[in-house]
Amino acid sequence: MAVQPFVSEDKQYGVPSRWGWDSIGYNSEKVDSTDLDSYEFAWTGGPNGKYEGKIIVGGDPTWYIPMVAMELGIKPYKKMSQDELDQIKDKLIKTFNNAYSIHTSSAPVRKELLSGDAWIQVGLGNFGLSQLAAQGHEKFKGAIPKTGGIYWTEGMSLVKDPHNANLAKQYMQTVLSPEGQYKVCYGGATKGIPVNKNAWSKFSAEEQKAAMFYQGKDFSASQEVLDKCVQYEIPPSYQEWNKIWEEAKARASV
């Protein structure tokens with residue numbers, strides 16, 4: 001079966017190397033998971049505003065705007081009308097007013113969650129937050145609301161006429177081997193989920209749960225996560241998204 005992000009003109013030009021999902025990460029000792037059934041907490045502050053000033057927002061509009069769009073009933077990766085963009089900008093302004101911070105990288109997010117300065121992160125999932133679970137911080141969990149999340153897929157391609165085709169193919173085969181999958185998915189501070197099911201046995205039970213970073217579940221939750229998410233795409237409204245993102249930040253108090 002072809003993997004859609006690596007398909008062009010009905011031909012697959014690459015192979016996936018790892019995948020994961022983005023949505024919500026939270027401190028389960030501070031946050032009631034039932035408050036995360038939708039993304040509305042981000043712009044309402046949650047019931048009675050109890051999460052105001054305790055929310056970290058992922059700083060990339062191509063991840064967070066689709067989540068807002070899905071909550072508003074707007075298809076997340078299509079060309080958007082001005083009315084739809086205005087609706088989203090309104091929610092962005094309110095989100096940023098509730099935010100403790102906005103970050104484009106995951107290290108400061110983990111630091112602020114660990115310090116207790118913030119309790120919830122929206123716009124980031126297993127990729128950046130699973131390191132918390134890997135370090136034994138069991139109180140941090142990931143959630144995907146009923147609205148849905150986004151799944152990402154990394155991959156590899158072999159260029160035309162490579163200098164050393166045999167070495168390139170060997171490298172790709174190594175990455176996709178069970179041993180290679182363990183290294184690329186769990187070797188660094190950002191985690192991924194393996195695409196080779198034979199690699200799962202290379203992970204301990206706790207490592208599987210950390211890499212998945214989804215309600216304390218292991219890799220067996222893969223299909224559940226995929227069923228709740230849409231595939232990340234490059235949006236046709238990219239320039240418009242950047243514009244309303246910056247306008248919202250300028251108008252907000254964050």
# chains A, B, ... in the order shown; residues from 1 in each chain; ligands from 1
$ residues_around --residues "Trp19 of chain A" --least-positions-apart "4" --cutoff "9 Å" --atoms "only C-alpha atoms" --output "list of chain:residue names"
A:Phe127, A:Tyr151, A:Trp152, A:Thr153, A:Glu154, A:Gly155, A:Cys185, A:Gly192, A:Ile193, A:Pro194, A:Val195
$ write_last_selection --atoms "N, CA, C and O atoms" --output "tab-separated table (two decimals), in the first residue's frame"
chain	number	residue	atom	x	y	z
A	127	PHE	N	6.23	13.38	19.60
A	127	PHE	CA	7.54	13.75	19.08
A	127	PHE	C	8.36	14.52	20.11
A	127	PHE	O	9.52	14.20	20.37
A	151	TYR	N	-1.38	13.27	12.49
A	151	TYR	CA	-0.23	12.37	12.53
A	151	TYR	C	0.78	12.76	11.45
A	151	TYR	O	0.41	13.23	10.38
A	152	TRP	N	2.04	12.60	11.80
A	152	TRP	CA	3.13	12.96	10.90
A	152	TRP	C	3.89	11.71	10.50
A	152	TRP	O	3.88	10.70	11.21
A	153	THR	N	4.54	11.76	9.36
A	153	THR	CA	5.31	10.63	8.87
A	153	THR	C	6.63	11.13	8.31
A	153	THR	O	6.64	11.98	7.42
A	154	GLU	N	7.73	10.62	8.84
A	154	GLU	CA	9.04	10.92	8.28
A	154	GLU	C	9.41	9.81	7.30
A	154	GLU	O	8.93	8.68	7.41
A	155	GLY	N	10.28	10.14	6.34
A	155	GLY	CA	10.62	9.12	5.36
A	155	GLY	C	11.97	9.33	4.72
A	155	GLY	O	12.68	10.30	5.01
A	185	CYS	N	13.93	5.77	16.47
A	185	CYS	CA	12.69	6.10	17.17
A	185	CYS	C	12.90	6.42	18.64
A	185	CYS	O	12.07	7.11	19.24
A	192	GLY	N	9.85	8.74	18.08
A	192	GLY	CA	8.95	8.38	17.01
A	192	GLY	C	8.41	6.99	17.25
A	192	GLY	O	8.86	6.27	18.14
A	193	ILE	N	7.44	6.60	16.44
A	193	ILE	CA	6.84	5.28	16.53
A	193	ILE	C	7.33	4.47	15.34
A	193	ILE	O	7.31	4.97	14.21
A	194	PRO	N	7.80	3.25	15.53
A	194	PRO	CA	8.36	2.48	14.41
A	194	PRO	C	7.33	2.12	13.37
A	194	PRO	O	6.15	1.94	13.66
A	195	VAL	N	7.80	2.01	12.13
A	195	VAL	CA	6.93	1.56	11.04
A	195	VAL	C	7.08	0.05	10.80
A	195	VAL	O	6.24	-0.56	10.16
$ select_by_dssp --residues "segment 4-253 of chain A" --states "strand (DSSP E or B)" --output "PyMOL selection string"
chain A and resi 7-8+11-12+15-22+24-27+55-58+99-103+120-122+140-143+149-156+193-194+214+217+229-231
$ write_last_selection --atoms "N, CA and C atoms" --output "CSV table (one decimal), in the first residue's frame"
chain,number,residue,atom,x,y,z
A,7,VAL,N,3.9,10.0,-2.2
A,7,VAL,CA,3.3,9.7,-3.5
A,7,VAL,C,3.2,10.9,-4.4
A,8,SER,N,3.7,10.8,-5.6
A,8,SER,CA,3.6,11.8,-6.6
A,8,SER,C,3.2,11.2,-7.9
A,11,LYS,N,2.7,7.5,-7.9
A,11,LYS,CA,3.9,6.7,-7.7
A,11,LYS,C,4.5,7.0,-6.4
A,12,GLN,N,4.9,6.0,-5.6
A,12,GLN,CA,5.6,6.2,-4.4
A,12,GLN,C,7.1,6.4,-4.6
A,15,VAL,N,10.0,5.9,1.3
A,15,VAL,CA,9.5,4.9,2.3
A,15,VAL,C,9.5,5.6,3.7
A,16,PRO,N,8.5,5.3,4.5
A,16,PRO,CA,8.4,5.9,5.8
A,16,PRO,C,9.4,5.3,6.7
A,17,SER,N,10.0,6.1,7.6
A,17,SER,CA,11.0,5.6,8.6
A,17,SER,C,10.5,5.6,10.0
A,18,ARG,N,9.6,6.5,10.4
A,18,ARG,CA,9.0,6.6,11.7
A,18,ARG,C,7.8,7.5,11.6
A,19,TRP,N,6.9,7.5,12.5
A,19,TRP,CA,5.7,8.3,12.5
A,19,TRP,C,5.3,8.7,13.9
A,20,GLY,N,4.4,9.6,14.1
A,20,GLY,CA,3.9,9.9,15.4
A,20,GLY,C,2.7,10.9,15.3
A,21,TRP,N,2.3,11.5,16.3
A,21,TRP,CA,1.1,12.3,16.3
A,21,TRP,C,1.3,13.5,17.2
A,22,ASP,N,0.5,14.5,16.9
A,22,ASP,CA,0.5,15.8,17.6
A,22,ASP,C,-0.9,16.2,18.0
A,24,ILE,N,-2.3,17.1,22.2
A,24,ILE,CA,-2.2,17.7,23.5
A,24,ILE,C,-1.3,16.8,24.5
A,25,GLY,N,-0.5,17.5,25.2
A,25,GLY,CA,0.2,16.9,26.3
A,25,GLY,C,-0.2,17.6,27.6
A,26,TYR,N,-0.3,16.9,28.7
A,26,TYR,CA,-0.8,17.5,29.9
A,26,TYR,C,-0.2,16.9,31.2
A,27,ASN,N,-0.3,17.6,32.3
A,27,ASN,CA,0.1,17.1,33.6
A,27,ASN,C,-1.2,16.5,34.3
A,55,ILE,N,-1.2,27.3,29.8
A,55,ILE,CA,-1.2,26.7,28.5
A,55,ILE,C,0.0,27.1,27.7
A,56,ILE,N,0.7,26.1,27.2
A,56,ILE,CA,1.8,26.4,26.2
A,56,ILE,C,1.2,26.1,24.8
A,57,VAL,N,1.5,27.0,23.9
A,57,VAL,CA,1.0,26.8,22.5
A,57,VAL,C,2.2,26.4,21.6
A,58,GLY,N,2.1,25.4,20.8
A,58,GLY,CA,3.1,25.1,19.8
A,58,GLY,C,3.2,26.2,18.8
A,99,ALA,N,-2.5,31.9,27.0
A,99,ALA,CA,-1.2,31.1,27.0
A,99,ALA,C,-0.2,31.6,28.0
A,100,TYR,N,0.5,30.7,28.6
A,100,TYR,CA,1.7,31.0,29.4
A,100,TYR,C,2.9,31.4,28.5
A,101,SER,N,3.0,30.6,27.3
A,101,SER,CA,4.1,30.9,26.4
A,101,SER,C,3.8,30.3,25.1
A,102,ILE,N,4.5,30.6,24.0
A,102,ILE,CA,4.5,30.0,22.7
A,102,ILE,C,5.9,29.6,22.4
A,103,HIS,N,6.0,28.3,22.0
A,103,HIS,CA,7.4,27.8,21.7
A,103,HIS,C,7.4,27.0,20.3
A,120,ILE,N,-0.5,22.4,30.5
A,120,ILE,CA,-1.0,21.8,29.3
A,120,ILE,C,-0.2,22.3,28.1
A,121,GLN,N,0.1,21.5,27.1
A,121,GLN,CA,0.7,21.9,25.9
A,121,GLN,C,-0.3,21.5,24.8
A,122,VAL,N,-0.5,22.4,23.9
A,122,VAL,CA,-1.4,22.1,22.7
A,122,VAL,C,-0.6,22.4,21.5
A,140,PHE,N,2.9,13.0,33.2
A,140,PHE,CA,2.7,13.6,31.9
A,140,PHE,C,2.1,12.6,30.9
A,141,LYS,N,1.0,13.0,30.3
A,141,LYS,CA,0.3,12.1,29.4
A,141,LYS,C,-0.1,12.8,28.1
A,142,GLY,N,-0.4,12.1,27.1
A,142,GLY,CA,-0.9,12.7,25.8
A,142,GLY,C,-2.3,12.4,25.6
A,143,ALA,N,-3.0,13.3,25.0
A,143,ALA,CA,-4.5,13.1,24.7
A,143,ALA,C,-4.8,13.6,23.3
A,149,GLY,N,-6.7,14.7,16.0
A,149,GLY,CA,-5.3,15.2,16.1
A,149,GLY,C,-4.7,15.1,14.7
A,150,ILE,N,-3.4,15.2,14.6
A,150,ILE,CA,-2.6,15.2,13.4
A,150,ILE,C,-1.5,14.1,13.5
A,151,TYR,N,-1.4,13.3,12.5
A,151,TYR,CA,-0.2,12.4,12.5
A,151,TYR,C,0.8,12.8,11.4
A,152,TRP,N,2.0,12.6,11.8
A,152,TRP,CA,3.1,13.0,10.9
A,152,TRP,C,3.9,11.7,10.5
A,153,THR,N,4.5,11.8,9.4
A,153,THR,CA,5.3,10.6,8.9
A,153,THR,C,6.6,11.1,8.3
A,154,GLU,N,7.7,10.6,8.8
A,154,GLU,CA,9.0,10.9,8.3
A,154,GLU,C,9.4,9.8,7.3
A,155,GLY,N,10.3,10.1,6.3
A,155,GLY,CA,10.6,9.1,5.4
A,155,GLY,C,12.0,9.3,4.7
A,156,MET,N,12.3,8.4,3.8
A,156,MET,CA,13.6,8.5,3.1
A,156,MET,C,13.3,8.2,1.6
A,193,ILE,N,7.4,6.6,16.4
A,193,ILE,CA,6.8,5.3,16.5
A,193,ILE,C,7.3,4.5,15.3
A,194,PRO,N,7.8,3.3,15.5
A,194,PRO,CA,8.4,2.5,14.4
A,194,PRO,C,7.3,2.1,13.4
A,214,TYR,N,0.6,8.1,24.7
A,214,TYR,CA,-0.8,8.3,24.6
A,214,TYR,C,-1.5,7.5,25.7
A,217,LYS,N,-0.5,4.1,27.0
A,217,LYS,CA,-0.7,2.9,26.2
A,217,LYS,C,0.6,2.6,25.4
A,229,CYS,N,-6.7,10.7,14.0
A,229,CYS,CA,-5.9,11.8,13.5
A,229,CYS,C,-6.1,11.9,11.9
A,230,VAL,N,-5.7,13.1,11.4
A,230,VAL,CA,-5.6,13.3,10.0
A,230,VAL,C,-4.1,13.5,9.7
A,231,GLN,N,-3.8,13.2,8.4
A,231,GLN,CA,-2.4,13.2,8.0
A,231,GLN,C,-2.0,14.7,7.8
$ closest_residue --among "A:Ser157, A:Asn126, A:Asn196, A:Ser115" --to "Pro5 of chain A" --atoms "only C-alpha atoms"
A:Ser157
$ select_by_dssp --residues "segment 30-112 of chain A" --states "alpha helix (DSSP H)" --output "count of residues only"
39
$ decode --residues "segment 52-161 of chain A" --atoms "C-alpha atoms" --output "PDB file, in the first residue's frame"
ATOM      1  CA  GLU A  52      -5.783  30.430  32.044  1.00  0.00           C
ATOM      2  CA  GLY A  53      -2.079  31.205  31.988  1.00  0.00           C
ATOM      3  CA  LYS A  54      -1.195  27.514  32.243  1.00  0.00           C
ATOM      4  CA  ILE A  55      -1.240  26.652  28.534  1.00  0.00           C
ATOM      5  CA  ILE A  56       1.767  26.381  26.205  1.00  0.00           C
ATOM      6  CA  VAL A  57       1.022  26.763  22.508  1.00  0.00           C
ATOM      7  CA  GLY A  58       3.108  25.105  19.808  1.00  0.00           C
ATOM      8  CA  GLY A  59       4.645  27.894  17.771  1.00  0.00           C
ATOM      9  CA  ASP A  60       4.038  26.486  14.292  1.00  0.00           C
ATOM     10  CA  PRO A  61       0.771  27.549  12.660  1.00  0.00           C
ATOM     11  CA  THR A  62       0.769  24.526  10.343  1.00  0.00           C
ATOM     12  CA  TRP A  63       0.167  22.306  13.390  1.00  0.00           C
ATOM     13  CA  TYR A  64      -2.091  24.328  15.653  1.00  0.00           C
ATOM     14  CA  ILE A  65      -4.308  26.054  13.086  1.00  0.00           C
ATOM     15  CA  PRO A  66      -5.594  22.713  11.702  1.00  0.00           C
ATOM     16  CA  MET A  67      -6.646  21.759  15.230  1.00  0.00           C
ATOM     17  CA  VAL A  68      -8.590  25.008  15.599  1.00  0.00           C
ATOM     18  CA  ALA A  69     -10.089  24.463  12.154  1.00  0.00           C
ATOM     19  CA  MET A  70     -11.275  20.951  12.986  1.00  0.00           C
ATOM     20  CA  GLU A  71     -12.920  22.248  16.156  1.00  0.00           C
ATOM     21  CA  LEU A  72     -14.763  24.856  14.080  1.00  0.00           C
ATOM     22  CA  GLY A  73     -15.879  22.298  11.497  1.00  0.00           C
ATOM     23  CA  ILE A  74     -13.485  23.597   8.836  1.00  0.00           C
ATOM     24  CA  LYS A  75     -11.490  21.127   6.743  1.00  0.00           C
ATOM     25  CA  PRO A  76      -7.959  21.585   8.082  1.00  0.00           C
ATOM     26  CA  TYR A  77      -5.787  21.367   4.967  1.00  0.00           C
ATOM     27  CA  LYS A  78      -7.844  22.988   2.244  1.00  0.00           C
ATOM     28  CA  LYS A  79      -7.767  26.501   0.820  1.00  0.00           C
ATOM     29  CA  MET A  80      -9.677  28.603   3.344  1.00  0.00           C
ATOM     30  CA  SER A  81     -12.055  31.478   2.740  1.00  0.00           C
ATOM     31  CA  GLN A  82     -11.540  34.852   4.390  1.00  0.00           C
ATOM     32  CA  ASP A  83     -14.486  34.172   6.694  1.00  0.00           C
ATOM     33  CA  GLU A  84     -12.912  30.899   7.818  1.00  0.00           C
ATOM     34  CA  LEU A  85      -9.559  32.612   8.377  1.00  0.00           C
ATOM     35  CA  ASP A  86     -11.280  35.317  10.429  1.00  0.00           C
ATOM     36  CA  GLN A  87     -12.985  32.686  12.594  1.00  0.00           C
ATOM     37  CA  ILE A  88      -9.651  30.999  13.218  1.00  0.00           C
ATOM     38  CA  LYS A  89      -7.870  34.283  13.973  1.00  0.00           C
ATOM     39  CA  ASP A  90     -10.462  35.074  16.625  1.00  0.00           C
ATOM     40  CA  LYS A  91      -9.708  31.758  18.361  1.00  0.00           C
ATOM     41  CA  LEU A  92      -5.962  32.332  18.001  1.00  0.00           C
ATOM     42  CA  ILE A  93      -6.185  35.701  19.764  1.00  0.00           C
ATOM     43  CA  LYS A  94      -8.162  34.147  22.612  1.00  0.00           C
ATOM     44  CA  THR A  95      -5.749  31.196  22.779  1.00  0.00           C
ATOM     45  CA  PHE A  96      -2.716  33.463  22.980  1.00  0.00           C
ATOM     46  CA  ASN A  97      -4.397  35.533  25.688  1.00  0.00           C
ATOM     47  CA  ASN A  98      -4.752  32.352  27.758  1.00  0.00           C
ATOM     48  CA  ALA A  99      -1.232  31.130  27.026  1.00  0.00           C
ATOM     49  CA  TYR A 100       1.718  31.045  29.377  1.00  0.00           C
ATOM     50  CA  SER A 101       4.082  30.890  26.406  1.00  0.00           C
ATOM     51  CA  ILE A 102       4.477  30.030  22.720  1.00  0.00           C
ATOM     52  CA  HIS A 103       7.374  27.819  21.657  1.00  0.00           C
ATOM     53  CA  THR A 104       8.619  26.460  18.343  1.00  0.00           C
ATOM     54  CA  SER A 105      10.926  23.867  19.945  1.00  0.00           C
ATOM     55  CA  SER A 106      10.135  21.145  22.444  1.00  0.00           C
ATOM     56  CA  ALA A 107      12.951  21.575  25.011  1.00  0.00           C
ATOM     57  CA  PRO A 108      11.521  24.746  26.636  1.00  0.00           C
ATOM     58  CA  VAL A 109       8.062  23.144  26.582  1.00  0.00           C
ATOM     59  CA  ARG A 110       9.303  20.191  28.615  1.00  0.00           C
ATOM     60  CA  LYS A 111      11.121  22.560  30.989  1.00  0.00           C
ATOM     61  CA  GLU A 112       7.998  24.622  31.685  1.00  0.00           C
ATOM     62  CA  LEU A 113       5.831  21.540  32.176  1.00  0.00           C
ATOM     63  CA  LEU A 114       8.395  20.066  34.583  1.00  0.00           C
ATOM     64  CA  SER A 115       8.643  23.308  36.562  1.00  0.00           C
ATOM     65  CA  GLY A 116       4.863  23.488  36.928  1.00  0.00           C
ATOM     66  CA  ASP A 117       4.730  26.912  35.280  1.00  0.00           C
ATOM     67  CA  ALA A 118       2.410  25.365  32.695  1.00  0.00           C
ATOM     68  CA  TRP A 119       0.100  22.364  32.860  1.00  0.00           C
ATOM     69  CA  ILE A 120      -1.015  21.792  29.285  1.00  0.00           C
ATOM     70  CA  GLN A 121       0.669  21.929  25.898  1.00  0.00           C
ATOM     71  CA  VAL A 122      -1.405  22.116  22.743  1.00  0.00           C
ATOM     72  CA  GLY A 123       0.066  21.505  19.305  1.00  0.00           C
ATOM     73  CA  LEU A 124       2.680  18.910  20.268  1.00  0.00           C
ATOM     74  CA  GLY A 125       2.424  15.187  20.905  1.00  0.00           C
ATOM     75  CA  ASN A 126       4.702  12.219  21.141  1.00  0.00           C
ATOM     76  CA  PHE A 127       7.539  13.750  19.082  1.00  0.00           C
ATOM     77  CA  GLY A 128       8.532  16.385  21.622  1.00  0.00           C
ATOM     78  CA  LEU A 129       6.847  15.328  24.853  1.00  0.00           C
ATOM     79  CA  SER A 130       7.576  11.599  25.021  1.00  0.00           C
ATOM     80  CA  GLN A 131      10.981  12.407  26.495  1.00  0.00           C
ATOM     81  CA  LEU A 132       9.141  13.300  29.723  1.00  0.00           C
ATOM     82  CA  ALA A 133       7.706   9.796  29.939  1.00  0.00           C
ATOM     83  CA  ALA A 134      11.054   8.301  28.917  1.00  0.00           C
ATOM     84  CA  GLN A 135      12.639  10.052  31.908  1.00  0.00           C
ATOM     85  CA  GLY A 136      10.102   8.458  34.240  1.00  0.00           C
ATOM     86  CA  HIS A 137       7.685  11.364  34.669  1.00  0.00           C
ATOM     87  CA  GLU A 138       4.520   9.296  34.583  1.00  0.00           C
ATOM     88  CA  LYS A 139       2.215  12.202  35.422  1.00  0.00           C
ATOM     89  CA  PHE A 140       2.658  13.617  31.912  1.00  0.00           C
ATOM     90  CA  LYS A 141       0.322  12.074  29.353  1.00  0.00           C
ATOM     91  CA  GLY A 142      -0.858  12.677  25.838  1.00  0.00           C
ATOM     92  CA  ALA A 143      -4.458  13.085  24.721  1.00  0.00           C
ATOM     93  CA  ILE A 144      -6.299  13.328  21.423  1.00  0.00           C
ATOM     94  CA  PRO A 145      -9.722  14.981  21.759  1.00  0.00           C
ATOM     95  CA  LYS A 146     -12.850  13.797  19.994  1.00  0.00           C
ATOM     96  CA  THR A 147     -12.175  16.487  17.409  1.00  0.00           C
ATOM     97  CA  GLY A 148      -9.035  14.649  16.316  1.00  0.00           C
ATOM     98  CA  GLY A 149      -5.307  15.191  16.082  1.00  0.00           C
ATOM     99  CA  ILE A 150      -2.634  15.154  13.370  1.00  0.00           C
ATOM    100  CA  TYR A 151      -0.226  12.372  12.532  1.00  0.00           C
ATOM    101  CA  TRP A 152       3.129  12.961  10.901  1.00  0.00           C
ATOM    102  CA  THR A 153       5.310  10.630   8.866  1.00  0.00           C
ATOM    103  CA  GLU A 154       9.042  10.916   8.281  1.00  0.00           C
ATOM    104  CA  GLY A 155      10.615   9.116   5.359  1.00  0.00           C
ATOM    105  CA  MET A 156      13.586   8.453   3.124  1.00  0.00           C
ATOM    106  CA  SER A 157      14.104   8.638  -0.635  1.00  0.00           C
ATOM    107  CA  LEU A 158      16.877   7.510  -2.937  1.00  0.00           C
ATOM    108  CA  VAL A 159      17.972  10.289  -5.281  1.00  0.00           C
ATOM    109  CA  LYS A 160      18.509   9.685  -8.971  1.00  0.00           C
ATOM    110  CA  ASP A 161      22.007   8.479  -9.845  1.00  0.00           C
TER     111      ASP A 161
END
